[in-house]
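One structure is given below, encoded as structure tokens.
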Amino acid sequence: MPRRPPDALVYYLDANLDGPELVESLREAGMRCEPHRDHFAPDAADAAWIPEIASRGWVIVTRDFAIQRRPIERAAWTAAKAIVVMLRGEKLSAEDMSKILLVASADGRLDNYIAKRMPPMILYLNPDGQLRVHFGGERRGGQRKE
């Protein structure tokens, strides 16, 4: 019997990604997303909003690779058991980022990938739509078959 896909996740676009073009493109395609500007001031500290977003069960989407290195932000997302998707690629436009996210989320693929893993986690999402666990994200229910 096929597994029932999880309820659609909400993707939170951090302040670096919450431009109207990207938000509109994702929403038009049916992806549930929330831009940073609708919930926090543009200059809100990462350590302030990360726990709040994680407590809602939303997936954080960012291009800010420094949040995995800066001690305050790292402590915030690990303690909050946040799920972070980092978009990788050079000079990505809103259209490029939309395509990457939509390819990865087609047929519930991104939601299912996340649902099979335990937070906290950082996932890298490459321009070709490939996902890779960078930190955490151990599989639920045992070891991954190699």
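To be explicit about the labels: the chains of the structure tokens are called A, B, and onward in the order shown, and within each one the residues are counted from 1, while ligands get numbers from 1 in the order they are shown.
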
Checklist line | Close residues, Gly19 of chain A itself excluded, 8 Å, only C-alpha atoms, min 3 positions apart in chain, as an MDAnalysis selection string | finding: chainID A and resid 16 22:23 35 94

Check: Contacts of segment 104-112 of chain A at 12 Å or less, counting only C-alpha atoms, minus same-chain residues fewer than 3 places along, as a PyMOL selection string?
Finding: chain A and resi 3-11+26+29-32+58-59+83+85+87+97-101+115-118+123-132+139-140

Keeping N, CA and C atoms, export the residues of the selection given above as a compact mmCIF listing (two decimals), in the first residue's frame.
# COMPACT_ATOMS: atom_id res chain seq x y z
N ARG A 3 2.40 4.88 0.70
CA ARG A 3 2.36 5.75 1.86
C ARG A 3 1.62 7.04 1.55
N ARG A 4 0.80 7.49 2.47
CA ARG A 4 0.09 8.75 2.30
C ARG A 4 1.09 9.89 2.45
N PRO A 5 1.15 10.83 1.47
CA PRO A 5 2.09 11.93 1.61
C PRO A 5 1.70 12.81 2.80
N PRO A 6 2.68 13.47 3.41
CA PRO A 6 2.37 14.33 4.54
C PRO A 6 1.55 15.53 4.08
N ASP A 7 0.87 16.15 5.03
CA ASP A 7 0.20 17.40 4.70
C ASP A 7 1.26 18.36 4.18
N ALA A 8 0.87 19.18 3.24
CA ALA A 8 1.84 20.10 2.63
C ALA A 8 2.49 20.97 3.70
N LEU A 9 3.79 21.03 3.64
CA LEU A 9 4.54 21.86 4.58
C LEU A 9 4.47 23.32 4.16
N VAL A 10 4.74 24.20 5.11
CA VAL A 10 4.83 25.62 4.84
C VAL A 10 6.31 25.97 4.77
N TYR A 11 6.68 26.68 3.72
CA TYR A 11 8.07 27.09 3.52
C TYR A 11 8.19 28.57 3.83
N LEU A 26 5.89 31.10 -6.42
CA LEU A 26 5.69 29.87 -5.66
C LEU A 26 4.21 29.67 -5.31
N ALA A 29 2.09 28.52 -8.16
CA ALA A 29 2.32 27.10 -8.46
C ALA A 29 1.75 26.19 -7.38
N GLY A 30 1.17 26.78 -6.33
CA GLY A 30 0.53 25.98 -5.28
C GLY A 30 1.41 25.65 -4.09
N MET A 31 2.60 26.21 -4.03
CA MET A 31 3.49 25.94 -2.90
C MET A 31 3.12 26.87 -1.75
N ARG A 32 2.96 26.29 -0.57
CA ARG A 32 2.62 27.09 0.61
C ARG A 32 3.89 27.76 1.12
N TRP A 58 7.27 25.18 10.41
CA TRP A 58 7.56 25.64 9.06
C TRP A 58 9.01 25.32 8.70
N VAL A 59 9.24 25.14 7.43
CA VAL A 59 10.58 24.86 6.90
C VAL A 59 11.21 26.20 6.50
N ILE A 83 14.10 22.97 10.65
CA ILE A 83 14.37 22.34 9.37
C ILE A 83 14.76 23.49 8.44
N VAL A 85 16.35 24.58 4.66
CA VAL A 85 16.71 24.24 3.29
C VAL A 85 17.54 25.39 2.76
N LEU A 87 19.39 27.03 -0.34
CA LEU A 87 19.48 27.04 -1.80
C LEU A 87 20.92 27.32 -2.20
N MET A 97 15.40 30.58 -8.43
CA MET A 97 15.07 30.00 -7.12
C MET A 97 13.70 29.35 -7.15
N SER A 98 12.76 29.98 -7.83
CA SER A 98 11.43 29.40 -7.95
C SER A 98 11.49 28.06 -8.66
N LYS A 99 12.23 27.99 -9.75
CA LYS A 99 12.35 26.73 -10.50
C LYS A 99 12.97 25.65 -9.64
N ILE A 100 14.03 25.99 -8.91
CA ILE A 100 14.71 25.01 -8.06
C ILE A 100 13.74 24.45 -7.02
N LEU A 101 13.03 25.34 -6.34
CA LEU A 101 12.09 24.90 -5.29
C LEU A 101 10.93 24.09 -5.88
N ALA A 115 9.82 14.69 5.64
CA ALA A 115 9.01 13.89 6.56
C ALA A 115 9.72 12.61 7.00
N LYS A 116 10.63 12.12 6.19
CA LYS A 116 11.35 10.88 6.51
C LYS A 116 12.55 11.11 7.43
N ARG A 117 12.78 12.37 7.81
CA ARG A 117 13.96 12.70 8.61
C ARG A 117 13.57 13.46 9.86
N MET A 118 14.45 13.37 10.85
CA MET A 118 14.20 14.04 12.13
C MET A 118 14.98 15.34 12.24
N LEU A 123 19.35 20.94 4.93
CA LEU A 123 19.38 20.28 3.63
C LEU A 123 19.91 21.25 2.60
N TYR A 124 20.81 20.78 1.77
CA TYR A 124 21.26 21.58 0.64
C TYR A 124 20.39 21.23 -0.55
N LEU A 125 19.91 22.26 -1.23
CA LEU A 125 19.12 22.09 -2.45
C LEU A 125 19.91 22.71 -3.59
N ASN A 126 20.38 21.87 -4.49
CA ASN A 126 21.21 22.31 -5.60
C ASN A 126 20.36 22.82 -6.76
N PRO A 127 20.96 23.59 -7.66
CA PRO A 127 20.21 24.13 -8.80
C PRO A 127 19.52 23.07 -9.66
N ASP A 128 20.04 21.84 -9.67
CA ASP A 128 19.41 20.78 -10.47
C ASP A 128 18.27 20.09 -9.71
N GLY A 129 17.95 20.59 -8.51
CA GLY A 129 16.86 20.01 -7.73
C GLY A 129 17.28 18.89 -6.80
N GLN A 130 18.57 18.54 -6.81
CA GLN A 130 19.06 17.47 -5.94
C GLN A 130 19.13 17.94 -4.49
N LEU A 131 18.70 17.06 -3.60
CA LEU A 131 18.72 17.33 -2.16
C LEU A 131 19.82 16.52 -1.51
N ARG A 132 20.45 17.13 -0.51
CA ARG A 132 21.48 16.42 0.24
C ARG A 132 21.43 16.88 1.69
N ARG A 139 17.39 9.60 9.44
CA ARG A 139 16.16 9.00 8.96
C ARG A 139 15.33 8.47 10.11
N ARG A 140 14.04 8.63 9.99
CA ARG A 140 13.11 8.08 10.99
C ARG A 140 13.05 6.57 10.80

Next item on the list: Using DSSP on the backbone coordinates, identify all residues within chain A classified as strand (DSSP E); present the result as a PyMOL selection string.
Entry: chain A and resi 11-13+33-35+59-62+83-87+121-125+131-136

Would you mind exporting the chosen residues as a tab-separated table (two decimals), in the first residue's frame, restricted to N, CA and C atoms?
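Result written to out_10.tsv:
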chain	number	residue	atom	x	y	z
A	11	TYR	N	6.68	26.68	3.72
A	11	TYR	CA	8.07	27.09	3.52
A	11	TYR	C	8.19	28.57	3.83
A	12	TYR	N	9.05	28.86	4.79
A	12	TYR	CA	9.27	30.22	5.25
A	12	TYR	C	10.48	30.79	4.53
A	13	LEU	N	10.29	31.83	3.75
A	13	LEU	CA	11.37	32.46	2.99
A	13	LEU	C	11.99	33.54	3.85
A	33	CYS	N	3.94	29.09	1.03
A	33	CYS	CA	5.12	29.80	1.50
A	33	CYS	C	4.70	31.07	2.23
A	34	GLU	N	5.57	31.46	3.15
A	34	GLU	CA	5.36	32.66	3.95
A	34	GLU	C	6.63	33.50	3.90
A	35	PRO	N	6.51	34.76	3.46
A	35	PRO	CA	7.69	35.62	3.43
A	35	PRO	C	7.99	36.23	4.80
A	59	VAL	N	9.24	25.14	7.43
A	59	VAL	CA	10.58	24.86	6.90
A	59	VAL	C	11.21	26.20	6.50
A	60	ILE	N	12.40	26.46	7.01
A	60	ILE	CA	13.11	27.70	6.70
A	60	ILE	C	13.88	27.52	5.40
A	61	VAL	N	13.66	28.43	4.46
A	61	VAL	CA	14.39	28.42	3.20
A	61	VAL	C	15.28	29.66	3.19
A	62	THR	N	16.57	29.44	2.91
A	62	THR	CA	17.53	30.54	2.98
A	62	THR	C	18.67	30.35	1.99
A	83	ILE	N	14.10	22.97	10.65
A	83	ILE	CA	14.37	22.34	9.37
A	83	ILE	C	14.76	23.49	8.44
A	84	VAL	N	15.98	23.42	7.91
A	84	VAL	CA	16.50	24.50	7.08
A	84	VAL	C	16.85	23.93	5.71
A	85	VAL	N	16.35	24.58	4.66
A	85	VAL	CA	16.71	24.24	3.29
A	85	VAL	C	17.54	25.39	2.76
A	86	MET	N	18.78	25.08	2.39
A	86	MET	CA	19.68	26.10	1.85
A	86	MET	C	19.76	25.95	0.34
A	87	LEU	N	19.39	27.03	-0.34
A	87	LEU	CA	19.48	27.04	-1.80
A	87	LEU	C	20.92	27.32	-2.20
A	121	MET	N	17.79	19.83	11.13
A	121	MET	CA	18.51	19.44	9.93
A	121	MET	C	18.73	20.63	9.02
A	122	ILE	N	19.81	20.53	8.27
A	122	ILE	CA	20.07	21.45	7.16
A	122	ILE	C	20.15	20.59	5.91
A	123	LEU	N	19.35	20.94	4.93
A	123	LEU	CA	19.38	20.28	3.63
A	123	LEU	C	19.91	21.25	2.60
A	124	TYR	N	20.81	20.78	1.77
A	124	TYR	CA	21.26	21.58	0.64
A	124	TYR	C	20.39	21.23	-0.55
A	125	LEU	N	19.91	22.26	-1.23
A	125	LEU	CA	19.12	22.09	-2.45
A	125	LEU	C	19.91	22.71	-3.59
A	131	LEU	N	18.70	17.06	-3.60
A	131	LEU	CA	18.72	17.33	-2.16
A	131	LEU	C	19.82	16.52	-1.51
A	132	ARG	N	20.45	17.13	-0.51
A	132	ARG	CA	21.48	16.42	0.24
A	132	ARG	C	21.43	16.88	1.69
A	133	VAL	N	21.44	15.94	2.61
A	133	VAL	CA	21.48	16.29	4.03
A	133	VAL	C	22.88	16.77	4.34
A	134	HIS	N	22.96	17.98	4.87
A	134	HIS	CA	24.25	18.55	5.26
A	134	HIS	C	24.51	18.37	6.75
A	135	PHE	N	23.45	18.50	7.55
A	135	PHE	CA	23.58	18.38	9.00
A	135	PHE	C	22.32	17.74	9.54
A	136	GLY	N	22.47	16.84	10.50
A	136	GLY	CA	21.32	16.23	11.16
A	136	GLY	C	20.50	15.41	10.18

Next item on the list: Give the alpha helix (DSSP H) residues of chain A, as assigned by DSSP on the backbone, as a PyMOL selection string.
Entry: chain A and resi 20-28+46-55+71-79+94-105+109-115

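Shortest atom-to-atom contact with Ile50 of chain A among A:Val103, A:Leu17, A:Ala75, A:Ala66: A:Ala75, counting only C-alpha atoms.
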
Note to self: Can you measure atom CA of Gly141 of chain A to atom CA of Gln68 of chain A for me? One decimal in Å is fine.
What the structure shows: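 Rounded to one decimal, the two atoms are 26.1 Å apart.
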
Item checked: Among listed residues A:Ala48, A:Ala41, A:Ala54, A:Ala15, nearest Lys81 of chain A (using only C-alpha atoms) ->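 Closest residue, counting only C-alpha atoms: A:Ala54.
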
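Closest approach to Asp38 of chain A from the set A:Ser25, A:Asp14, A:Glu52, A:Arg63 is made by A:Asp14, with distances taken over only C-alpha atoms.
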